[in-house]
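This is run_1.txt (compact mmCIF, C-alpha atoms and all ligand atoms).
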```
# COMPACT_ATOMS: atom_id res chain seq x y z
CA MET A 25 248.12 -29.73 225.10
CA PRO A 26 246.28 -32.27 222.92
CA ALA A 27 246.99 -35.92 223.69
CA THR A 28 249.00 -37.58 220.93
CA PRO A 29 247.61 -40.78 219.37
CA SER A 30 248.65 -43.86 221.31
CA ARG A 31 251.26 -46.23 219.91
CA ILE A 32 250.00 -49.02 222.13
CA ASP A 33 248.04 -52.02 220.83
CA ALA A 34 245.04 -51.70 223.14
CA ALA A 35 243.41 -54.99 222.11
CA ARG A 36 246.60 -56.96 222.71
CA LEU A 37 247.14 -55.26 226.07
CA LYS A 38 243.57 -56.08 227.12
CA ASP A 39 243.95 -59.76 226.15
CA GLU A 40 247.22 -60.03 228.02
CA PHE A 41 245.80 -58.33 231.13
CA LEU A 42 242.82 -60.72 231.19
CA ASP A 43 245.10 -63.69 230.58
CA LEU A 44 247.37 -62.75 233.49
CA VAL A 45 244.67 -61.84 236.02
CA CYS A 46 242.98 -65.19 235.41
CA ILE A 47 246.14 -66.95 236.60
CA ALA A 48 245.63 -66.62 240.36
CA SER A 49 248.89 -65.73 242.11
CA PRO A 50 248.40 -65.12 245.81
CA THR A 51 251.63 -64.50 247.70
CA LYS A 52 253.82 -67.64 247.83
CA HIS A 53 251.90 -69.15 244.89
CA GLU A 54 253.30 -67.08 242.05
CA GLY A 55 254.72 -70.12 240.23
CA ALA A 56 252.02 -70.45 237.55
CA VAL A 57 252.03 -66.79 236.58
CA ALA A 58 255.84 -66.69 236.74
CA ARG A 59 256.07 -69.56 234.21
CA ARG A 60 253.59 -67.74 231.95
CA LEU A 61 255.58 -64.50 232.22
CA GLU A 62 258.83 -66.33 231.63
CA ALA A 63 257.39 -67.68 228.35
CA ILE A 64 256.09 -64.25 227.34
CA LEU A 65 259.39 -62.49 228.10
CA THR A 66 261.41 -65.16 226.30
CA GLY A 67 259.05 -64.93 223.32
CA MET A 68 259.67 -61.18 223.24
CA GLY A 69 263.41 -61.78 222.97
CA GLY A 70 264.39 -61.35 226.60
CA ARG A 71 267.00 -63.45 228.40
CA VAL A 72 265.20 -64.71 231.48
CA GLU A 73 266.61 -65.88 234.82
CA VAL A 74 264.77 -66.93 237.98
CA ASP A 75 266.57 -66.41 241.29
CA ASP A 76 266.47 -68.47 244.49
CA ALA A 77 264.37 -66.03 246.52
CA GLY A 78 261.46 -68.49 246.46
CA GLU A 79 263.33 -70.98 248.61
CA ARG A 80 264.09 -68.26 251.10
CA VAL A 81 260.59 -66.81 251.42
CA GLY A 82 258.66 -70.06 251.01
CA SER A 83 257.23 -69.38 247.55
CA ASP A 84 256.91 -71.81 244.64
CA THR A 85 259.07 -69.60 242.38
CA GLY A 86 261.81 -67.02 242.63
CA ASN A 87 261.92 -63.48 241.25
CA VAL A 88 262.00 -63.25 237.46
CA LEU A 89 264.70 -61.12 235.83
CA ALA A 90 264.56 -60.50 232.08
CA ARG A 91 267.22 -58.61 230.14
CA PHE A 92 266.52 -56.98 226.79
CA GLU A 93 269.43 -55.81 224.75
CA GLY A 94 269.30 -52.15 223.80
CA SER A 95 269.26 -50.77 220.29
CA ALA A 96 270.69 -47.34 221.13
CA PRO A 97 274.47 -47.57 221.36
CA GLY A 98 275.84 -45.99 224.52
CA ALA A 99 272.44 -45.49 226.15
CA GLU A 100 272.30 -46.30 229.84
CA PRO A 101 270.34 -49.33 231.04
CA PHE A 102 266.94 -48.83 232.64
CA LEU A 103 265.12 -50.89 235.27
CA LEU A 104 261.39 -51.70 235.09
CA SER A 105 259.78 -53.57 237.95
CA GLY A 106 256.43 -54.89 239.14
CA HIS A 107 255.31 -57.72 241.39
CA MET A 108 253.67 -61.03 240.49
CA ASP A 109 251.86 -61.83 243.74
CA THR A 110 248.46 -60.52 244.83
CA VAL A 111 246.61 -60.31 248.11
CA GLY A 112 243.57 -62.52 248.66
CA PRO A 113 240.90 -63.58 248.23
CA ALA A 114 242.43 -64.92 245.05
CA GLY A 115 241.51 -68.60 244.83
CA ALA A 116 239.88 -68.26 241.40
CA ILE A 117 239.53 -64.99 239.52
CA HIS A 118 236.68 -64.35 237.08
CA PRO A 119 237.02 -60.86 235.64
CA VAL A 120 233.93 -59.08 234.35
CA VAL A 121 234.45 -56.79 231.35
CA GLU A 122 232.03 -53.90 230.74
CA GLY A 123 233.33 -51.71 227.94
CA ASP A 124 236.74 -50.45 229.08
CA ILE A 125 236.14 -51.35 232.72
CA VAL A 126 237.40 -54.65 234.08
CA ARG A 127 236.17 -55.57 237.54
CA THR A 128 235.81 -58.71 239.61
CA ASP A 129 232.70 -60.83 240.05
CA GLY A 130 232.80 -59.81 243.71
CA THR A 131 234.33 -63.03 245.05
CA SER A 132 238.01 -62.15 244.72
CA VAL A 133 240.44 -59.34 244.15
CA LEU A 134 241.18 -58.59 240.50
CA GLY A 135 244.94 -58.65 240.84
CA GLY A 136 245.36 -55.45 238.85
CA ASP A 137 247.73 -54.87 241.75
CA ASP A 138 250.11 -55.47 240.22
CA LYS A 139 249.27 -57.07 236.87
CA ALA A 140 248.29 -53.63 235.55
CA GLY A 141 251.91 -52.61 236.09
CA VAL A 142 253.24 -55.85 234.62
CA VAL A 143 251.24 -55.57 231.37
CA ALA A 144 252.25 -51.93 230.94
CA ILE A 145 255.91 -53.02 231.12
CA LEU A 146 255.39 -55.90 228.65
CA GLU A 147 253.42 -53.85 226.13
CA ALA A 148 255.80 -50.87 226.25
CA ILE A 149 258.78 -53.13 225.51
CA ARG A 150 256.94 -54.94 222.71
CA VAL A 151 256.07 -51.69 220.94
CA LEU A 152 259.58 -50.28 221.38
CA ARG A 153 261.00 -53.33 219.64
CA GLU A 154 258.33 -53.71 216.96
CA ARG A 155 258.60 -50.07 215.97
CA LYS A 156 262.39 -50.15 216.26
CA ILE A 157 262.36 -47.19 218.64
CA PRO A 158 265.92 -46.81 219.99
CA HIS A 159 266.25 -47.83 223.64
CA GLY A 160 269.01 -48.78 226.03
CA ASP A 161 269.36 -52.16 227.72
CA LEU A 162 266.23 -52.93 229.71
CA GLU A 163 266.19 -54.96 232.90
CA VAL A 164 262.77 -56.21 234.00
CA VAL A 165 262.42 -57.48 237.56
CA LEU A 166 259.13 -59.18 238.44
CA THR A 167 259.10 -59.95 242.14
CA ILE A 168 257.37 -62.41 244.44
CA SER A 169 255.98 -61.76 247.95
CA GLU A 170 255.71 -58.00 247.60
CA GLU A 171 252.46 -58.11 249.54
CA SER A 172 254.05 -59.83 252.50
CA GLY A 173 256.68 -57.30 253.46
CA LEU A 174 258.47 -56.74 250.11
CA ARG A 175 260.24 -60.02 250.74
CA GLY A 176 260.92 -60.96 247.12
CA ALA A 177 262.64 -57.64 246.44
CA LYS A 178 264.56 -57.88 249.72
CA HIS A 179 265.97 -61.24 248.62
CA PHE A 180 266.74 -60.06 245.09
CA ASP A 181 270.44 -59.48 244.53
CA GLY A 182 270.60 -55.90 243.23
CA SER A 183 274.19 -56.38 242.08
CA ARG A 184 272.81 -58.46 239.20
CA LEU A 185 271.50 -55.26 237.64
CA ARG A 186 273.47 -52.86 235.50
CA ALA A 187 270.77 -50.18 235.60
CA ARG A 188 271.01 -47.56 238.32
CA ARG A 189 267.78 -45.78 237.42
CA GLY A 190 264.28 -47.04 236.83
CA LEU A 191 260.63 -47.26 237.71
CA VAL A 192 258.46 -49.54 239.77
CA LEU A 193 254.88 -49.65 238.47
CA ASP A 194 252.79 -50.46 241.51
CA VAL A 195 250.37 -47.81 242.66
CA ASP A 196 246.90 -46.55 241.86
CA GLY A 197 246.29 -43.49 239.70
CA VAL A 198 247.64 -42.78 236.26
CA CYS A 199 250.27 -40.24 235.16
CA GLU A 200 251.14 -39.92 238.84
CA LEU A 201 254.55 -40.51 240.31
CA ILE A 202 255.15 -41.53 243.91
CA VAL A 203 258.33 -39.84 245.05
CA ARG A 204 257.89 -40.24 248.81
CA ALA A 205 256.85 -43.33 250.73
CA PRO A 206 257.46 -44.02 254.40
CA ALA A 207 260.11 -46.08 256.10
CA ALA A 208 258.71 -48.61 258.56
CA ASN A 209 259.80 -50.31 261.75
CA HIS A 210 258.35 -53.49 263.18
CA VAL A 211 257.72 -53.24 266.92
CA ILE A 212 257.39 -56.56 268.74
CA ALA A 213 256.87 -56.56 272.50
CA THR A 214 256.93 -59.67 274.67
CA ILE A 215 255.58 -59.02 278.15
CA TYR A 216 256.49 -61.53 280.85
CA GLY A 217 254.46 -61.78 284.08
CA LEU A 218 253.84 -64.78 286.30
CA ALA A 219 251.22 -67.51 286.00
CA ALA A 220 248.94 -68.34 288.91
CA HIS A 221 245.57 -69.97 289.47
CA ALA A 222 243.05 -67.23 288.80
CA GLY A 223 240.60 -68.40 291.47
CA ILE A 224 242.82 -69.79 294.21
CA CYS A 225 245.77 -67.40 294.33
CA PRO A 226 245.60 -64.60 291.76
CA GLU A 227 247.72 -62.44 294.08
CA GLU A 228 250.62 -64.82 293.33
CA GLY A 229 250.46 -63.97 289.62
CA LEU A 230 251.38 -61.04 287.43
CA SER A 231 249.06 -60.62 284.45
CA ALA A 232 251.09 -60.03 281.31
CA LEU A 233 247.85 -59.22 279.52
CA GLN A 234 246.88 -56.49 281.95
CA MET A 235 250.34 -54.92 281.76
CA ALA A 236 250.21 -55.02 277.96
CA ALA A 237 246.79 -53.37 278.10
CA GLU A 238 248.12 -50.60 280.32
CA ALA A 239 251.00 -50.03 277.92
CA ILE A 240 248.67 -49.88 274.94
CA ALA A 241 246.13 -47.63 276.65
CA GLY A 242 248.79 -44.95 277.04
CA MET A 243 250.22 -45.29 273.54
CA LYS A 244 249.87 -42.90 270.59
CA LEU A 245 248.49 -45.05 267.75
CA GLY A 246 246.73 -44.58 264.44
CA ARG A 247 247.61 -41.32 262.72
CA VAL A 248 250.32 -39.88 264.92
CA ASP A 249 250.92 -36.84 262.72
CA GLU A 250 250.75 -35.87 259.05
CA GLU A 251 253.79 -38.01 258.21
CA THR A 252 253.59 -40.76 260.79
CA THR A 253 251.30 -43.70 261.57
CA ALA A 254 251.44 -46.51 264.13
CA ASN A 255 249.47 -49.68 264.63
CA LEU A 256 249.41 -52.71 266.88
CA GLY A 257 247.95 -55.48 264.76
CA VAL A 258 248.38 -58.77 266.60
CA VAL A 259 248.07 -59.80 270.25
CA GLN A 260 248.89 -63.37 271.23
CA GLY A 261 248.98 -64.95 274.66
CA GLY A 262 247.18 -66.63 277.49
CA LEU A 263 246.18 -70.26 277.97
CA ALA A 264 242.87 -70.41 279.80
CA THR A 265 240.38 -68.18 281.61
CA ASN A 266 241.43 -69.64 284.95
CA ILE A 267 245.14 -68.90 284.55
CA VAL A 268 246.72 -65.49 285.12
CA PRO A 269 248.57 -65.08 281.78
CA ASP A 270 252.34 -65.09 282.16
CA CYS A 271 253.26 -64.07 278.61
CA VAL A 272 251.74 -61.88 275.91
CA VAL A 273 253.26 -60.96 272.55
CA VAL A 274 252.12 -57.76 270.85
CA ARG A 275 253.15 -57.09 267.24
CA GLY A 276 252.88 -53.77 265.52
CA GLU A 277 254.53 -51.27 263.27
CA THR A 278 255.17 -47.61 262.81
CA ARG A 279 255.76 -45.76 259.53
CA SER A 280 256.89 -42.28 258.76
CA LEU A 281 258.12 -40.17 255.89
CA SER A 282 260.54 -38.66 258.43
CA MET A 283 263.26 -40.89 259.86
CA GLU A 284 263.42 -38.74 262.99
CA LYS A 285 259.71 -39.16 263.63
CA LEU A 286 259.92 -42.88 262.87
CA GLU A 287 262.58 -43.40 265.52
CA ALA A 288 260.76 -41.15 268.00
CA GLN A 289 257.51 -43.11 267.61
CA ALA A 290 259.28 -46.47 267.89
CA ALA A 291 261.02 -45.23 271.05
CA HIS A 292 257.67 -44.07 272.45
CA MET A 293 256.13 -47.50 271.87
CA ARG A 294 259.12 -49.19 273.49
CA GLU A 295 258.95 -46.87 276.49
CA ARG A 296 255.23 -47.53 277.03
CA PHE A 297 255.82 -51.28 277.22
CA GLU A 298 258.83 -50.86 279.49
CA ALA A 299 257.01 -48.41 281.77
CA ALA A 300 254.07 -50.80 282.14
CA VAL A 301 256.27 -53.50 283.68
CA ALA A 302 258.64 -51.23 285.61
CA GLY A 303 258.60 -51.99 289.33
CA ARG A 304 255.94 -54.69 288.97
CA SER A 305 256.78 -57.72 291.08
CA VAL A 306 255.17 -60.32 293.28
CA ARG A 307 256.53 -62.34 296.20
CA VAL A 308 255.72 -66.05 296.18
CA GLY A 309 257.18 -67.84 299.18
CA ASP A 310 260.71 -66.49 299.55
CA ARG A 311 261.12 -65.57 295.90
CA VAL A 312 260.40 -62.22 294.30
CA HIS A 313 259.32 -62.37 290.67
CA HIS A 314 259.74 -59.28 288.50
CA ALA A 315 257.72 -58.54 285.41
CA ARG A 316 259.72 -57.62 282.34
CA ALA A 317 259.31 -56.56 278.74
CA GLU A 318 261.45 -57.45 275.75
CA VAL A 319 260.85 -55.00 272.95
CA GLN A 320 262.36 -55.51 269.51
CA VAL A 321 262.38 -52.68 267.01
CA ARG A 322 263.54 -53.67 263.52
CA ARG A 323 263.67 -51.72 260.28
CA GLN A 324 261.13 -53.25 257.93
CA TYR A 325 262.08 -51.12 254.93
CA ASP A 326 263.71 -47.81 254.12
CA ALA A 327 261.94 -44.69 252.97
CA LEU A 328 261.48 -43.66 249.38
CA ASP A 329 262.46 -40.02 249.13
CA VAL A 330 263.25 -38.86 245.62
CA PRO A 331 264.15 -35.17 245.31
CA GLU A 332 262.00 -33.23 242.85
CA ASP A 333 265.09 -32.32 240.83
CA ALA A 334 266.19 -35.97 240.46
CA GLY A 335 266.77 -37.21 236.93
CA ILE A 336 264.02 -39.82 237.12
CA VAL A 337 261.44 -37.15 238.02
CA GLY A 338 262.47 -34.89 235.14
CA LEU A 339 262.43 -37.89 232.81
CA VAL A 340 258.87 -38.93 233.69
CA ARG A 341 257.64 -35.32 233.53
CA SER A 342 259.21 -34.82 230.11
CA ALA A 343 257.77 -38.12 228.90
CA ALA A 344 254.29 -37.15 230.12
CA ALA A 345 254.58 -33.81 228.33
CA GLY A 346 255.80 -35.70 225.27
CA ILE A 347 252.50 -37.58 225.05
CA GLY A 348 250.45 -34.50 225.85
CA ARG A 349 249.87 -35.19 229.53
CA GLY A 350 250.85 -33.83 232.89
CA CYS A 351 252.42 -35.80 235.72
CA ARG A 352 251.51 -35.24 239.34
CA LEU A 353 254.09 -35.97 242.04
CA ARG A 354 252.79 -37.29 245.34
CA ALA A 355 253.58 -39.07 248.58
CA THR A 356 251.88 -42.22 249.86
CA GLY A 357 251.57 -44.01 253.19
CA GLY A 358 252.15 -47.43 251.60
CA ALA A 359 255.44 -49.04 250.67
CA SER A 360 256.43 -50.83 247.47
CA ASP A 361 259.48 -52.56 246.06
CA ALA A 362 260.66 -49.04 245.15
CA ASN A 363 261.49 -48.59 248.85
CA VAL A 364 263.81 -51.60 248.69
CA PHE A 365 265.51 -50.50 245.47
CA ALA A 366 265.86 -46.94 246.78
CA GLY A 367 267.43 -48.29 249.97
CA ARG A 368 270.10 -49.88 247.77
CA GLY A 369 270.93 -46.66 246.03
CA PHE A 370 268.82 -46.98 242.88
CA GLU A 371 267.30 -43.76 241.57
CA ILE A 372 263.75 -45.04 241.38
CA ALA A 373 260.15 -43.90 241.83
CA ASN A 374 256.77 -45.62 241.73
CA LEU A 375 254.59 -44.86 238.70
CA GLY A 376 250.80 -45.08 238.85
CA CYS A 377 249.48 -47.80 236.56
CA GLY A 378 245.68 -47.59 236.73
CA MET A 379 244.84 -50.08 239.48
CA ARG A 380 241.80 -48.97 241.54
CA GLU A 381 240.26 -49.89 244.92
CA ILE A 382 243.09 -52.34 245.44
CA HIS A 383 243.14 -54.97 248.19
CA THR A 384 239.33 -55.27 247.98
CA VAL A 385 236.88 -57.43 246.03
CA ASN A 386 235.69 -54.18 244.40
CA GLU A 387 239.02 -53.77 242.61
CA TRP A 388 238.78 -52.57 238.99
CA VAL A 389 240.79 -51.03 236.20
CA ASP A 390 239.95 -48.84 233.23
CA LEU A 391 241.73 -50.30 230.22
CA LYS A 392 242.28 -46.77 228.89
CA ASP A 393 244.47 -46.12 231.93
CA LEU A 394 246.55 -49.22 231.18
CA VAL A 395 247.06 -48.06 227.60
CA LEU A 396 248.03 -44.58 228.77
CA THR A 397 250.49 -46.02 231.31
CA ALA A 398 252.12 -48.23 228.67
CA ASP A 399 252.37 -45.25 226.33
CA LEU A 400 253.94 -43.10 229.05
CA LEU A 401 256.40 -45.85 229.92
CA LEU A 402 257.38 -46.30 226.29
CA GLU A 403 258.10 -42.57 226.09
CA VAL A 404 260.10 -42.68 229.36
CA VAL A 405 262.34 -45.43 227.99
CA ARG A 406 262.71 -43.70 224.62
CA LEU A 407 263.64 -40.36 226.21
CA HIS A 408 266.00 -42.01 228.70
CA ALA A 409 267.90 -43.59 225.83
CA ALA A 410 267.90 -40.38 223.79
CA SER A 411 269.20 -38.25 226.69
CA SER A 412 271.76 -40.72 228.03
CA GLU A 413 273.04 -41.34 224.50
CA ARG A 414 273.60 -37.62 224.10
CA GLY A 415 275.39 -37.61 227.44
CA HIS A 416 278.03 -40.00 226.13
ZN ZN B 501 251.17 -53.83 244.64
```
Turn this file's structure into structure tokens for me.
Amino acid sequence: MPATPSRIDAARLKDEFLDLVCIASPTKHEGAVARRLEAILTGMGGRVEVDDAGERVGSDTGNVLARFEGSAPGAEPFLLSGHMDTVGPAGAIHPVVEGDIVRTDGTSVLGGDDKAGVVAILEAIRVLRERKIPHGDLEVVLTISEESGLRGAKHFDGSRLRARRGLVLDVDGVCELIVRAPAANHVIATIYGLAAHAGICPEEGLSALQMAAEAIAGMKLGRVDEETTANLGVVQGGLATNIVPDCVVVRGETRSLSMEKLEAQAAHMRERFEAAVAGRSVRVGDRVHHARAEVQVRRQYDALDVPEDAGIVGLVRSAAAGIGRGCRLRATGGASDANVFAGRGFEIANLGCGMREIHTVNEWVDLKDLVLTADLLLEVVRLHAASSERGH
């Protein structure tokens, strides 16, 4: 199928992308880019609100919600979402443009994650309105603190939205739709032993560090199976080399596309910590001290699991075909705000938006991919309106 000519203004999209990436917005410092986006969205005719999530997550702005009134009577509203924050290093960003490729100067990330998604949303809406292409109400949610545990989305009040269906644009690739992403649990273990002088009376201590090490040595970590991963990322504890450490905190996570496997892996990690302290005690004088472990397992986010026959999947596939492209469905091991929206009952998937080698200083984008993504998105919104209008 030949690709149809793009309706997107590639030069405008490029300028906007460069403008936005140059406004550094590491997590918790999204304020400057949020104010810029607020001005852009208002200028486009959107009604913009900023919520109070910033106060709750320690950021200098809240999530931005912009509503655009539809032009297709009876069409159902549609949600479009991306995130404003980036990982570091992102102190100052100096993009280097070589033809259609935009990369960094090697000292920072580019922030195409997720400004590539954000500009695709902005440009698609602009063209829809300029060309008077019928669309339903559009709700644009630009979140904060996505990169630190999806915290902006978690603090966004989903009941403020009328849309029940939509897309998050926050993953590498182009014309690719993420329909499965894992759920995750935090696993935090605190191991309690007993302090003692390491040289004078080590036999009167219980090393929390050694017990933690034994637990970890017997633990399945890394890639557990095709659908499941586990990692311990932080170990904290101990005071000095001459003190038997009485407390160690180990923080980790497990993720899986399967809820059953997620719970099984979390239980395994818990059991390893508990087994390492079981029966460990020391008598000091007339007192017996027992080692113990406190293990907390908490759901970090829910899984994204969109059935292949879901409306949103058919919509994106039809839209891709409509612009002469295919659309590949895939799973990923990373989470996005789509996990949070899905957990609240939204029919949502994560659309590739051209970001590459993300979370590194080698990050780059091909502007052609951004144009293609905006074009695809425009067609998604147009088709959604056309089909939901018919449905009424
Ligand atoms: Zn992202």
Please build the interface table for chain A against ligand ZN 501 (chain B) with a cut-off of 6 Å, listing for each qualifying residue the nearest atom pair and the distance in Å to one decimal; count all atoms listed in the file, order rows by chain and increasing number, and write it as a Markdown table.
```
| residue | atom | partner | partner_atom | distance |
| --- | --- | --- | --- | --- |
| A:Asp137 | CA | B:ZN501 | ZN | 4.6 |
| A:Asp138 | CA | B:ZN501 | ZN | 4.8 |
| A:Asp194 | CA | B:ZN501 | ZN | 4.9 |
```
Each residue of region 151-200 of chain A lying at most 10 Å from region 409-414 of chain A should get a row with its shortest atom-to-atom pair and the distance in Å to one decimal, counting all atoms listed in the file; could you produce that, ordered by chain and increasing number, as CSV?
```
residue,atom,partner,partner_atom,distance
A:Ile157,CA,A:Ala409,CA,9.8
A:Pro158,CA,A:Ala409,CA,7.0
A:His159,CA,A:Ala409,CA,5.0
A:Gly160,CA,A:Ala409,CA,5.3
A:Asp161,CA,A:Ala409,CA,8.9
```
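Within 12 Å of the point (244.8, -55.9, 223.5), and counting all atoms listed in the file, the protein, DNA and RNA residues are Ile32, Asp33, Ala34, Ala35, Arg36, Leu37, Lys38, Asp39, Glu40, Phe41, Leu42, Asp43, Asp124, Val143, Ala144, Leu146, Glu147, Leu391, Lys392, Leu394, Val395 and Ala398 of chain A.
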Contact residues around Glu387 (chain A) with all atoms listed in the file at 10 Å, ignoring same-chain residues under 3 positions, as a PDB file with C-alpha atoms, in the frame of the given file:
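Result file is result05.pdb:
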```pdb
ATOM      1  CA  VAL A 126     237.400 -54.650 234.080  1.00  0.00           C
ATOM      2  CA  ARG A 127     236.170 -55.570 237.540  1.00  0.00           C
ATOM      3  CA  THR A 128     235.810 -58.710 239.610  1.00  0.00           C
ATOM      4  CA  ASP A 129     232.700 -60.830 240.050  1.00  0.00           C
ATOM      5  CA  GLY A 130     232.800 -59.810 243.710  1.00  0.00           C
ATOM      6  CA  SER A 132     238.010 -62.150 244.720  1.00  0.00           C
ATOM      7  CA  VAL A 133     240.440 -59.340 244.150  1.00  0.00           C
ATOM      8  CA  LEU A 134     241.180 -58.590 240.500  1.00  0.00           C
ATOM      9  CA  GLY A 135     244.940 -58.650 240.840  1.00  0.00           C
ATOM     10  CA  GLY A 136     245.360 -55.450 238.850  1.00  0.00           C
ATOM     11  CA  ASP A 137     247.730 -54.870 241.750  1.00  0.00           C
ATOM     12  CA  MET A 379     244.840 -50.080 239.480  1.00  0.00           C
ATOM     13  CA  ARG A 380     241.800 -48.970 241.540  1.00  0.00           C
ATOM     14  CA  GLU A 381     240.260 -49.890 244.920  1.00  0.00           C
ATOM     15  CA  ILE A 382     243.090 -52.340 245.440  1.00  0.00           C
ATOM     16  CA  HIS A 383     243.140 -54.970 248.190  1.00  0.00           C
ATOM     17  CA  THR A 384     239.330 -55.270 247.980  1.00  0.00           C
TER      18      THR A 384
END
```
Please determine an axis-aligned box that encloses all atoms of region 226-242 of chain A listed in the file, with 5 Å added on each side, and express its centre and edge lengths in Å to one decimal as lines of an AutoDock Vina configuration file.
```
center_x = 248.5
center_y = -54.9
center_z = 284.5
size_x = 15.8
size_y = 29.9
size_z = 29.1
```
- Contacts of region 289-301 of chain A within 12 Å, all atoms listed in the file, excl. fewer than 6 positions in-chain, as a ChimeraX atom specification: /A:207-218,230-249,251-256,272-280,282-283,313-323
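CA of Val203 (chain A) is found 5.5 Å from CA of Ala373 (chain A).
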- Item | Selection near Arg91 (chain A), 10 Å with all atoms listed in the file, sequence-local residues under 2 positions removed, as a PyMOL selection string | chain A and resi 65-66+69-73+89+93-94+101+103+161-165+185
- Message: Measuring between all atoms listed in the file, which one of A:Gly123, A:Gly309, A:Gly190, A:Gly197 shows the shortest distance to Ala140 (chain A)?
- Response: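 Smallest distance to Ala140 (chain A) is found for A:Gly197.
Rounded to one decimal, CA of Pro113 (chain A) and CA of Gly141 (chain A) lie 19.7 Å from each other.
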